[in-house]
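Asks: My structure is in my_file-v1.csv, and what it holds is CSV, C-alpha atoms:
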```
chain,number,residue,atom,x,y,z
A,1,MET,CA,0.0,0.0,0.0
A,2,SER,CA,1.4,3.4,-1.0
A,3,LEU,CA,0.4,6.6,0.7
A,4,ALA,CA,-0.6,9.4,-1.8
A,5,LEU,CA,0.2,12.9,-0.6
A,6,THR,CA,-2.2,15.6,-1.7
A,7,LEU,CA,-0.3,18.9,-2.3
A,8,PRO,CA,-1.4,22.1,-4.1
A,9,PRO,CA,-0.1,22.3,-7.7
A,10,GLN,CA,3.3,23.9,-7.5
A,11,PRO,CA,5.8,22.8,-10.3
A,12,VAL,CA,9.0,23.3,-8.3
A,13,GLY,CA,10.4,19.9,-7.7
A,14,PRO,CA,9.9,16.8,-9.8
A,15,LEU,CA,6.6,15.1,-10.1
A,16,LEU,CA,8.0,11.6,-10.0
A,17,PRO,CA,10.7,9.9,-8.0
A,18,PRO,CA,14.2,10.0,-9.6
A,19,GLN,CA,15.5,6.9,-11.3
A,20,GLN,CA,19.0,7.1,-9.7
A,21,ALA,CA,19.7,5.8,-6.2
A,22,PRO,CA,19.0,8.5,-3.6
A,23,LYS,CA,21.8,10.2,-1.7
A,24,PRO,CA,21.4,10.6,2.1
A,25,HIS,CA,21.1,14.2,3.3
A,26,ARG,CA,24.3,15.5,5.0
A,27,ASN,CA,22.5,16.3,8.2
A,28,PHE,CA,19.2,14.5,8.3
A,29,LYS,CA,20.5,10.9,8.4
A,30,PHE,CA,19.9,9.8,11.9
A,31,SER,CA,21.2,6.3,12.9
A,32,ASP,CA,18.0,5.7,14.8
A,33,ALA,CA,15.7,7.0,12.1
A,34,ASN,CA,12.3,5.3,11.8
A,35,PHE,CA,10.9,7.2,8.8
A,36,PHE,CA,12.4,8.0,5.4
A,37,LEU,CA,11.5,10.9,3.1
A,38,LEU,CA,12.6,11.5,-0.5
A,39,ALA,CA,12.8,14.9,-2.1
A,40,GLU,CA,14.4,15.0,-5.6
A,41,ALA,CA,17.2,12.5,-5.2
A,42,THR,CA,17.9,13.3,-1.6
A,43,LEU,CA,17.0,10.8,1.2
A,44,PHE,CA,16.0,12.2,4.6
A,45,MET,CA,16.3,9.7,7.5
A,46,VAL,CA,14.2,11.2,10.3
A,47,HIS,CA,11.9,10.4,13.2
A,48,SER,CA,8.2,9.9,13.0
A,49,GLY,CA,7.8,11.6,16.4
A,50,MET,CA,9.2,14.8,15.0
A,51,LEU,CA,7.0,14.6,11.9
A,52,ARG,CA,3.9,14.5,14.0
A,53,ARG,CA,4.3,18.3,14.2
A,54,CYS,CA,3.3,18.4,10.6
A,55,LYS,CA,-0.4,17.8,9.9
A,56,MET,CA,0.5,16.3,6.6
A,57,PHE,CA,2.2,13.4,8.3
A,58,SER,CA,0.4,13.2,11.7
A,59,ASN,CA,-2.5,11.1,10.4
A,60,MET,CA,0.0,8.5,9.2
A,61,PHE,CA,1.0,7.6,12.7
A,62,GLY,CA,-2.4,7.6,14.4
A,63,LEU,CA,-3.1,3.8,14.2
A,64,PRO,CA,-0.7,1.1,15.4
A,65,GLN,CA,0.7,-1.1,12.6
A,66,THR,CA,2.6,-4.3,12.5
A,67,ASP,CA,6.2,-4.4,11.2
A,68,ASN,CA,5.0,-6.4,8.2
A,69,ALA,CA,2.3,-3.9,7.4
A,70,LYS,CA,4.8,-1.0,7.6
A,71,LYS,CA,7.1,-2.7,5.1
A,72,GLN,CA,4.3,-2.5,2.5
A,73,GLU,CA,4.0,1.2,2.9
A,74,ASP,CA,6.2,4.0,1.6
A,75,GLY,CA,8.3,5.8,4.3
A,76,TYR,CA,9.0,3.0,6.8
A,77,THR,CA,12.1,1.6,5.2
A,78,ARG,CA,15.2,3.1,3.6
A,79,GLU,CA,14.6,1.0,0.5
A,80,ARG,CA,11.1,2.4,0.1
A,81,PRO,CA,11.1,6.1,1.2
A,82,LEU,CA,8.0,8.3,0.9
A,83,PHE,CA,8.5,10.6,-2.1
A,84,ILE,CA,7.4,14.2,-1.7
A,85,PRO,CA,6.4,15.5,-5.1
A,86,GLN,CA,7.0,19.1,-6.3
A,87,VAL,CA,9.3,19.9,-3.3
A,88,LEU,CA,13.0,20.7,-3.7
A,89,ALA,CA,15.4,18.9,-1.4
A,90,VAL,CA,16.5,22.3,0.0
A,91,GLU,CA,12.9,23.2,0.8
A,92,LEU,CA,12.3,20.0,2.7
A,93,ASP,CA,15.6,20.9,4.5
A,94,VAL,CA,14.0,24.2,5.5
A,95,VAL,CA,10.9,22.5,6.8
A,96,LEU,CA,12.8,19.9,8.8
A,97,ASN,CA,15.2,22.5,10.2
A,98,PHE,CA,12.2,24.3,11.7
A,99,VAL,CA,10.6,21.1,12.9
A,100,TYR,CA,13.8,20.0,14.7
A,101,PHE,CA,15.1,23.4,15.8
A,102,GLU,CA,12.0,25.5,16.3
A,103,TRP,CA,13.7,27.4,19.1
A,104,PRO,CA,15.6,29.6,18.7
A,105,GLY,CA,14.9,28.9,15.0
A,106,PRO,CA,17.0,28.3,11.9
A,107,ASP,CA,19.1,31.2,10.4
A,108,PHE,CA,17.2,31.6,7.1
A,109,THR,CA,17.6,34.2,4.4
A,110,VAL,CA,14.7,36.3,3.3
A,111,LEU,CA,13.9,33.8,0.6
A,112,GLY,CA,14.3,31.0,3.1
A,113,PHE,CA,11.7,32.6,5.4
A,114,LEU,CA,9.4,33.2,2.4
A,115,ARG,CA,9.7,29.5,1.4
A,116,LEU,CA,9.0,28.4,5.0
A,117,LEU,CA,5.9,30.7,5.0
A,118,ALA,CA,4.6,29.0,1.8
A,119,LEU,CA,5.5,25.5,2.9
A,120,SER,CA,4.0,25.9,6.3
A,121,ASP,CA,0.5,25.7,4.8
A,122,ARG,CA,1.4,22.8,2.6
A,123,PHE,CA,2.9,20.8,5.4
A,124,GLY,CA,0.4,22.0,8.0
A,125,ILE,CA,2.7,23.7,10.5
A,126,PRO,CA,0.9,26.9,11.8
A,127,THR,CA,3.8,27.7,14.2
A,128,ALA,CA,6.1,27.8,11.1
A,129,ARG,CA,3.9,30.5,9.5
A,130,ASP,CA,3.9,32.6,12.7
A,131,TYR,CA,7.7,32.2,13.0
A,132,ALA,CA,8.2,33.2,9.4
A,133,LEU,CA,6.0,36.3,9.6
A,134,ARG,CA,7.5,37.5,12.8
A,135,SER,CA,11.0,37.1,11.3
A,136,LEU,CA,10.1,38.8,8.0
A,137,ASN,CA,8.7,41.8,9.9
A,138,ASP,CA,12.3,42.8,10.7
A,139,LEU,CA,13.7,42.1,7.2
A,140,SER,CA,13.7,43.9,3.9
A,141,ILE,CA,11.5,42.0,1.5
A,142,PRO,CA,12.0,42.7,-2.2
A,143,PRO,CA,8.7,44.3,-3.4
A,144,ILE,CA,8.1,41.7,-6.2
A,145,LEU,CA,8.4,38.9,-3.7
A,146,ARG,CA,6.2,40.8,-1.2
A,147,VAL,CA,3.4,40.8,-3.9
A,148,GLU,CA,4.1,37.2,-4.9
A,149,TYR,CA,4.0,35.7,-1.4
A,150,GLY,CA,1.4,38.1,-0.1
A,151,LEU,CA,-1.0,36.7,-2.7
A,152,LEU,CA,0.2,33.1,-2.2
A,153,CYS,CA,0.1,33.1,1.6
A,154,GLU,CA,-2.7,35.6,2.0
A,155,VAL,CA,-0.7,38.0,4.1
A,156,GLU,CA,-2.7,41.2,4.7
A,157,GLY,CA,-1.2,44.4,3.3
A,158,TRP,CA,1.7,42.7,1.5
A,159,PRO,CA,0.4,42.8,-2.1
A,160,GLU,CA,-0.6,46.5,-1.8
A,161,GLN,CA,2.7,47.6,-0.2
A,162,GLY,CA,4.9,45.7,-2.7
A,163,PHE,CA,2.8,46.8,-5.7
A,164,MET,CA,3.1,50.5,-4.7
A,165,GLU,CA,6.9,50.2,-4.4
A,166,LEU,CA,7.1,48.7,-7.8
A,167,MET,CA,5.0,51.4,-9.3
A,168,LEU,CA,7.4,54.1,-8.1
A,169,LYS,CA,10.8,52.5,-8.5
A,170,PRO,CA,12.5,51.6,-11.9
A,171,LEU,CA,11.7,48.0,-12.8
A,172,HIS,CA,15.4,47.4,-13.7
A,173,ASP,CA,16.0,47.6,-9.9
A,174,ILE,CA,14.4,44.2,-9.6
A,175,ALA,CA,17.2,41.7,-8.9
A,176,ASP,CA,17.5,38.8,-11.3
A,177,CYS,CA,17.2,36.3,-8.5
A,178,ASP,CA,14.0,37.9,-7.3
A,179,ALA,CA,12.6,38.0,-10.8
A,180,HIS,CA,13.3,34.2,-11.1
A,181,CYS,CA,11.3,33.6,-7.9
A,182,ALA,CA,8.2,35.4,-9.2
A,183,SER,CA,5.6,33.9,-11.5
A,184,PRO,CA,5.9,35.1,-15.2
A,185,ASP,CA,2.2,36.1,-15.1
A,186,LEU,CA,2.9,38.4,-12.1
A,187,LEU,CA,6.0,39.9,-13.8
A,188,LEU,CA,4.0,40.6,-16.9
A,189,ALA,CA,1.2,42.2,-14.9
A,190,ILE,CA,3.6,44.4,-13.1
A,191,VAL,CA,5.3,45.5,-16.3
A,192,LYS,CA,2.0,46.4,-17.9
A,193,ALA,CA,0.8,48.3,-14.8
A,194,ARG,CA,4.1,50.3,-14.6
A,195,SER,CA,3.8,51.1,-18.3
A,196,GLN,CA,0.3,52.5,-17.7
A,197,VAL,CA,1.7,54.6,-14.8
A,198,ASP,CA,4.6,55.9,-17.0
A,199,LEU,CA,2.2,56.8,-19.8
A,200,LEU,CA,-0.2,58.6,-17.4
A,201,ARG,CA,2.7,60.6,-15.9
A,202,ARG,CA,4.0,61.6,-19.3
A,203,GLN,CA,0.5,62.7,-20.4
A,204,THR,CA,0.2,64.8,-17.3
A,205,PHE,CA,3.5,66.5,-18.1
A,206,VAL,CA,2.5,67.2,-21.7
A,207,GLN,CA,-1.1,68.2,-20.9
A,208,ILE,CA,-0.3,71.3,-18.8
A,209,PRO,CA,-3.4,72.3,-16.8
A,210,ASP,CA,-4.9,75.6,-18.0
A,211,VAL,CA,-4.9,78.6,-15.8
A,212,PRO,CA,-8.3,80.0,-14.9
A,213,HIS,CA,-7.9,83.8,-15.0
A,214,ALA,CA,-9.1,85.3,-11.7
A,215,PRO,CA,-11.2,88.5,-12.1
A,216,THR,CA,-9.0,90.1,-9.4
A,217,CYS,CA,-5.7,89.3,-11.2
A,218,SER,CA,-3.3,92.2,-10.5
A,219,LEU,CA,-1.3,91.5,-13.7
A,220,GLY,CA,-4.2,92.3,-15.9
A,221,THR,CA,-3.4,89.6,-18.7
A,222,ARG,CA,-4.2,85.9,-18.6
A,223,GLU,CA,-1.2,85.3,-21.0
A,224,LEU,CA,1.4,86.4,-18.4
A,225,CYS,CA,0.0,84.2,-15.6
A,226,THR,CA,-0.3,81.3,-18.1
A,227,ALA,CA,3.3,81.6,-19.3
A,228,THR,CA,4.5,81.8,-15.7
A,229,TRP,CA,2.5,78.8,-14.6
A,230,ARG,CA,3.7,76.7,-17.6
A,231,ASN,CA,7.3,77.4,-16.7
A,232,ALA,CA,6.7,76.6,-13.1
A,233,TRP,CA,4.9,73.4,-13.9
A,234,CYS,CA,7.5,72.0,-16.3
A,235,THR,CA,10.6,73.0,-14.4
A,236,GLY,CA,9.4,72.6,-10.9
A,237,LEU,CA,6.6,70.1,-10.1
A,238,CYS,CA,7.1,67.8,-13.1
A,239,ARG,CA,10.8,67.4,-12.4
A,240,LEU,CA,9.7,65.8,-9.1
A,241,TYR,CA,6.8,64.0,-10.9
A,242,LEU,CA,9.0,62.5,-13.6
A,243,ASN,CA,12.1,61.7,-11.6
A,244,PRO,CA,13.7,58.8,-13.5
A,245,GLY,CA,15.3,57.5,-10.3
A,246,GLU,CA,12.2,57.1,-8.3
A,247,TYR,CA,8.8,58.6,-8.7
A,248,ALA,CA,7.5,60.7,-5.9
A,249,PRO,CA,4.2,59.3,-4.5
A,250,VAL,CA,1.0,61.2,-5.3
A,251,PRO,CA,0.5,62.5,-1.7
A,252,GLU,CA,4.0,64.0,-1.7
A,253,ILE,CA,3.4,65.7,-5.0
A,254,THR,CA,0.0,67.0,-3.8
A,255,ASP,CA,1.7,68.5,-0.7
A,256,LYS,CA,4.3,70.2,-3.0
A,257,LEU,CA,1.6,71.6,-5.2
A,258,ASN,CA,-0.3,73.0,-2.2
A,259,ALA,CA,2.8,74.6,-0.8
A,260,ALA,CA,4.1,75.9,-4.2
A,261,ALA,CA,4.6,79.7,-4.5
A,262,VAL,CA,5.1,80.9,-8.1
A,263,ALA,CA,6.9,84.3,-8.5
A,264,ASN,CA,5.4,86.7,-11.0
A,265,MET,CA,2.0,85.0,-10.9
A,266,ASP,CA,-1.1,86.5,-9.3
A,267,PRO,CA,-1.9,84.7,-6.1
A,268,ALA,CA,-5.6,84.5,-7.0
A,269,CYS,CA,-4.8,82.9,-10.4
A,270,LEU,CA,-2.4,80.4,-8.7
A,271,ARG,CA,-5.1,79.4,-6.2
A,272,ALA,CA,-7.5,79.0,-9.0
A,273,VAL,CA,-5.2,76.7,-11.0
A,274,LYS,CA,-4.5,74.6,-7.9
A,275,ASP,CA,-8.2,74.2,-7.2
A,276,ALA,CA,-8.7,73.2,-10.9
A,277,ILE,CA,-6.0,70.5,-10.6
A,278,VAL,CA,-7.8,69.0,-7.6
A,279,ARG,CA,-11.2,69.3,-9.1
A,280,ASP,CA,-10.1,67.6,-12.4
A,281,LYS,CA,-8.2,64.9,-10.5
A,282,VAL,CA,-5.0,65.6,-12.5
A,283,LEU,CA,-2.9,64.0,-9.9
A,284,THR,CA,-5.3,61.7,-8.0
A,285,ARG,CA,-6.4,59.8,-11.1
A,286,GLU,CA,-3.1,57.9,-10.7
A,287,LEU,CA,-4.5,56.4,-7.5
A,288,GLU,CA,-7.5,55.2,-9.4
A,289,LEU,CA,-5.1,53.6,-11.9
A,290,TYR,CA,-3.3,51.8,-9.1
A,291,ASP,CA,-6.6,50.3,-7.9
A,292,THR,CA,-7.5,49.1,-11.4
A,293,GLU,CA,-4.2,47.5,-12.0
A,294,LEU,CA,-4.0,45.9,-8.5
A,295,VAL,CA,-7.3,44.2,-9.1
A,296,LYS,CA,-5.7,42.6,-12.2
A,297,VAL,CA,-2.7,41.4,-10.1
A,298,ARG,CA,-5.0,39.9,-7.5
A,299,ALA,CA,-6.8,37.9,-10.2
A,300,LEU,CA,-3.6,36.0,-11.0
A,301,THR,CA,-3.2,32.4,-9.9
A,302,ARG,CA,-1.7,32.6,-6.4
A,303,THR,CA,1.0,30.1,-6.9
A,304,PRO,CA,4.7,30.9,-7.3
A,305,ARG,CA,6.1,29.0,-10.3
A,306,LEU,CA,9.9,28.4,-10.2
A,307,TYR,CA,10.8,26.9,-13.6
A,308,THR,CA,14.5,26.7,-12.7
A,309,PRO,CA,15.8,23.3,-11.5
A,310,ALA,CA,17.0,25.0,-8.3
A,311,LEU,CA,16.2,28.1,-6.3
A,312,PRO,CA,18.2,31.1,-7.6
A,313,ALA,CA,19.3,32.2,-4.1
A,314,PRO,CA,20.3,30.4,-0.9
A,315,LEU,CA,17.7,29.7,1.8
A,316,PHE,CA,20.2,29.6,4.7
A,317,HIS,CA,22.6,32.3,5.8
A,318,SER,CA,25.1,29.5,6.7
A,319,THR,CA,25.2,25.8,6.3
A,320,PRO,CA,22.9,24.2,8.8
A,321,ALA,CA,24.3,22.3,11.8
A,322,GLY,CA,26.4,19.2,11.0
A,323,ASP,CA,25.7,15.6,11.9
A,324,ASP,CA,27.3,15.9,15.4
A,325,ASP,CA,25.1,18.8,16.3
A,326,MET,CA,21.8,17.2,15.4
A,327,ILE,CA,19.5,16.1,18.1
A,328,GLU,CA,19.0,12.4,18.5
A,329,THR,CA,15.2,12.1,19.1
A,330,GLU,CA,12.9,9.1,19.0
```
Render the structure in this file as structure tokens.
Replies:
Amino acid sequence: MSLALTLPPQPVGPLLPPQQAPKPHRNFKFSDANFFLLAEATLFMVHSGMLRRCKMFSNMFGLPQTDNAKKQEDGYTRERPLFIPQVLAVELDVVLNFVYFEWPGPDFTVLGFLRLLALSDRFGIPTARDYALRSLNDLSIPPILRVEYGLLCEVEGWPEQGFMELMLKPLHDIADCDAHCASPDLLLAIVKARSQVDLLRRQTFVQIPDVPHAPTCSLGTRELCTATWRNAWCTGLCRLYLNPGEYAPVPEITDKLNAAAVANMDPACLRAVKDAIVRDKVLTRELELYDTELVKVRALTRTPRLYTPALPAPLFHSTPAGDDDMIETE
């Protein structure tokens, strides 16, 4: 009898067991192991007592079985390990490091904590999710991964925060390893959304708001106020608005507009043009665009797809503890 594990579709690791003989993991190869897991071509020799912490495995050990019955099932002998489909060996390493060393916790990288966050649901370890979220609160998460894992793991506020960062910073700032960790659909959606923002900002620069001529204008001519305003708009506010390094957010631009003082322009005309910009939503229509594009991003399949045969960045800051440091547990 073979146990079938039901996992969400996530084409990361192989779907089928490898043909070559598995190689024992450098750390998880306990001499008193009584359960055997296989991820890719790596054999993990562990303890069923520790695996009980994972809901995915806990039901397997609920009923007593004879030794002969166990030999007919995957996982109870080294010759017949339980294969975990679509999980990389390094990912199972992450899960087991948390299971065995929950306190003070393994030294994961940002990507390591993100993978633990995603795997915590798959393996059924609520404490791993809590630990990952607490740790990530103190770390800098790349915005593209904040969106990806915010959607995948349903972390409140993450998709919006990451999306806004991506709309204001140049897309070439996305590191290659971070891009490889995001789904192609998400990357395409972000590129399209940012393109819409770029287009809107350029249109706003070109379509200079008209100057309503105040009846009390002390300069007497609308043309003089208009020329002064055009120069102030193009050389002042729009330089901030179109900064190629990093766009200023709409609230900051709005504050700059409200505080702007334009020399050689009648104060009443300046107030009138500021009011017209607010009334016509010249700046705030960008916020409406964000909402529209974010809805499209949320509609994507919430599954990260790593098409590379290995993760593009390490999951541990340092190599996990060696064999002599591992805990011998029944």
Asks: Which neighbours of Ala227 of chain A fall inside 12 Å, counting all atoms listed in the file, when residues of the same chain fewer than 2 positions from it are skipped, and could you give them as a list in words?
Replies: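 My reading of the contact set: Ile208, Pro209, Asp210, Val211, Thr221, Arg222, Glu223, Leu224, Cys225, Trp229, Arg230, Asn231, Ala232, Trp233, Cys234, Val262, Ala263, Asn264, Met265 and Asp266 of chain A.
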Asks: For Val90 of chain A, which residue out of A:Leu139, A:Cys238, A:Ala189, A:Ala313 is the nearest one, using only C-alpha atoms?
Replies: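 Nearest to Val90 of chain A: A:Ala313.
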Asks: Find the residues around Glu91 of chain A up to 10 Å (all atoms listed in the file counted), leave out those fewer than 5 positions away in its own chain, and share them as a ChimeraX atom specification.
Replies: /A:12-13,39,96-97,112,115-116,119,311,315
Asks: Skip Glu148 of chain A itself and residues of its chain fewer than 6 positions away, then list as a PyMOL selection string all residues within 12 Å of it, counting all atoms listed in the file.
Replies: chain A and resi 111+114-115+117-118+141-142+154-155+158-163+178-187+189-190+297-298+300-306
Asks: Counting only C-alpha atoms, what is within 12 Å of Asp121 of chain A, bar same-chain residues fewer than 3 positions away, as a ChimeraX atom specification?
Replies: /A:7-8,54-56,95,114-118,124-130,132,152-154
Asks: Using atom CA of Arg285 of chain A and atom CA of Val250 of chain A as the two end points, give the distance in Å to one decimal.
Replies: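 Distance between the two atoms: 9.5 Å.
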Asks: Go ahead and compute the interatomic distance for atom CA of Phe108 of chain A and atom CA of Arg78 of chain A, in Å to one decimal.
Replies: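 These two atoms are separated by 28.8 Å.
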Asks: Pick from A:Ser318, A:Thr284, A:Asn34, A:Gln196: nearest to Pro249 of chain A, with all atoms listed in the file counted?
Replies: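 Looking at the shortest contact to Pro249 of chain A, the residue is A:Thr284.
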Asks: Just checking: using all atoms listed in the file, which residue out of A:Ala268, A:Ile253, A:Ser218, A:Lys192 ends up closest to Leu289 of chain A?
Replies: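 Nearest candidate to Leu289 of chain A out of A:Ala268, A:Ile253, A:Ser218, A:Lys192: A:Lys192.
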Asks: So which residues touch Pro104 of chain A within 12 Å, counting only C-alpha atoms, skipping near sequence neighbours fewer than 6 positions away, as a list in words?
Replies: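 Returned residues: Asn97, Phe98, Tyr131 and Ser135 of chain A.
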Asks: Find the residues with any atom within 9 Å of (4.7, 67.0, -15.9); use only C-alpha atoms and the coordinates as given in the file, and write the answer as a PyMOL selection string.
Replies: chain A and resi 201-208+233-242
Asks: Go ahead and write the selection's residues with C-alpha atoms as a PDB file, keeping the file's coordinate frame.
Replies:
```pdb
ATOM      1  CA  ARG A 201       2.700  60.600 -15.900  1.00  0.00           C
ATOM      2  CA  ARG A 202       4.000  61.600 -19.300  1.00  0.00           C
ATOM      3  CA  GLN A 203       0.500  62.700 -20.400  1.00  0.00           C
ATOM      4  CA  THR A 204       0.200  64.800 -17.300  1.00  0.00           C
ATOM      5  CA  PHE A 205       3.500  66.500 -18.100  1.00  0.00           C
ATOM      6  CA  VAL A 206       2.500  67.200 -21.700  1.00  0.00           C
ATOM      7  CA  GLN A 207      -1.100  68.200 -20.900  1.00  0.00           C
ATOM      8  CA  ILE A 208      -0.300  71.300 -18.800  1.00  0.00           C
ATOM      9  CA  TRP A 233       4.900  73.400 -13.900  1.00  0.00           C
ATOM     10  CA  CYS A 234       7.500  72.000 -16.300  1.00  0.00           C
ATOM     11  CA  THR A 235      10.600  73.000 -14.400  1.00  0.00           C
ATOM     12  CA  GLY A 236       9.400  72.600 -10.900  1.00  0.00           C
ATOM     13  CA  LEU A 237       6.600  70.100 -10.100  1.00  0.00           C
ATOM     14  CA  CYS A 238       7.100  67.800 -13.100  1.00  0.00           C
ATOM     15  CA  ARG A 239      10.800  67.400 -12.400  1.00  0.00           C
ATOM     16  CA  LEU A 240       9.700  65.800  -9.100  1.00  0.00           C
ATOM     17  CA  TYR A 241       6.800  64.000 -10.900  1.00  0.00           C
ATOM     18  CA  LEU A 242       9.000  62.500 -13.600  1.00  0.00           C
TER      19      LEU A 242
END
```
Asks: For a cut-off of 9 Å around (9.0, 47.0, -5.8), file coordinates, pick out all residues using only C-alpha atoms and list them as a list in words.
Replies: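 The distance filter leaves exactly Pro142, Pro143, Ile144, Leu145, Arg146, Val147, Gln161, Gly162, Phe163, Met164, Glu165, Leu166, Met167, Leu168, Lys169, Pro170, Leu171, Asp173 and Ile174 of chain A.
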Asks: Between A:Ala260, A:Ile84, A:Leu51, A:Val282, single out the one closest to Leu200 of chain A, counting only C-alpha atoms.
Replies: A:Val282
Asks: Do you have the atom CA of Phe316 of chain A-atom CA of Thr109 of chain A distance handy?
Replies: 5.3 Å
Asks: Calculated over all atoms listed in the file, which of the candidates A:Leu188, A:Arg271, A:Asp198, A:Asp255 has the smallest distance to Pro212 of chain A?
Replies: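 Nearest to Pro212 of chain A: A:Arg271.
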